[in-house]
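The structure under discussion appears below in the form of structure tokens.
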Amino acid sequence: MPRLLVLLCLLSALASAGERPLELVTLQYPPYQYQDGAEVSGVAVDIVREAFRRMGRPVHISIYPWGRSLAMAESGQADAIFTLYKTPEREARLDYSRQVLMPQEVSLFVLRDSLIRFDGRLSQLAGYRFGVVRAVSYGAIFDAAARQGGIRIAETAASGEQNMEKLLARRFDILISNRLGARDIIRRQHAEALVRELKPPVEQIPSYIAFARKPELAGMRDRFDAALETMKRDGSYGRLVSPAAP
């Protein structure tokens, strides 16, 4: 019996080694995920890779503009996408993990000399111009305000870096962004003395990995959830997240 067990384990390992890597897509979004030379790095990347390693499934991660990544996942050209907020439209087309991949916080940013103040109500900012990144959801509160015309989107950028450059050029008044992502861009653009964050944050939002709805991926979401839950229980998730904590 022990020999049979060893043989079965070896056959399983060989089968996993022969499997094609899953194609995962994401966006340039430091410190969560970003291109670092030829490698894709970041705290969310480390978590995703570790979960799939525990599943015994190889992955290949590529960074594209967010709109393209979404289209690739929704069409099945890619197998999964992260880090993704939930919206009803996306949930209809993608298979979301039940486990939260990364909790995130969405905040507003203005130029240091701006007189704009914020008390948590977006309605008080109706007279100002906002800058956003194309195809990015900023959570239910902001998305609803934009959709209903409660706030005015004046500029749409291809990336967070470009959006910050537009704020610095005074193309709009208020930038909305994931808090850690914006702080990372501000640091890399040496704009700490030029930009300030409005308090409180707009919303605290969980983000997920979501899988394409393809027959060959049946059960993949549940396997990923199980691996991520185990990481959270054994402390490895917390160790990976802690360097990116505010």
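Here, A, B, ... name the chains of the structure tokens in the order displayed, residue numbers run from 1 inside each chain, and ligands are numbered from 1 in the same displayed order.
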Contacts of region 102-170 of chain A with region 60-65 of chain A up to 9 Å, shortest pair per row, only C-alpha atoms, as a tab-separated table:
residue	atom	partner	partner_atom	distance
A:Arg134	CA	A:Pro65	CA	8.7
A:Ala158	CA	A:Pro65	CA	6.9
A:Ser159	CA	A:Pro65	CA	7.2
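By only C-alpha atoms, and with residues fewer than 4 positions from Gln33 (chain A) along its chain excluded, the set lying at most 8 Å from it is A:Thr26, A:Leu27, A:Gln28, A:Tyr29, A:Val40, A:Ser41, A:Gly42, A:Val43, A:Ala44, A:Val45.
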Open item on the list: Report as a count of residues only all protein, DNA and RNA residues lying within 10 Å of Tyr96 (chain A), evaluated on only C-alpha atoms, omitting residues in the same chain fewer than 2 positions from it.
Closed with: 24
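Counting only C-alpha atoms and comparing A:Asp173, A:Asp79, A:Glu39, A:Asp143, the residue that lies closest to Asp95 (chain A) is A:Asp79.
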Task: Contact residues around Glu165 (chain A) with only C-alpha atoms at 12 Å, ignoring same-chain residues under 4 positions, as a PyMOL selection string - done: chain A and resi 110-111+131-132+155-161+169-172+175+182+185-186+188-191+194-195
- [ ] Grab the CA of Arg117 (chain A) to CA of Lys199 (chain A) distance for me, in Å with one decimal place.
- [x]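 Between these atoms lies a distance of 8.3 Å.
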Task: Residue set, region 13-245 of chain A restricted to strand (DSSP E), as a VMD selection string - done: chain A and resid 22 to 26 34 to 36 39 to 41 59 to 63 80 to 84 94 to 96 102 to 111 129 to 133 152 to 157 174 to 178 195 to 212
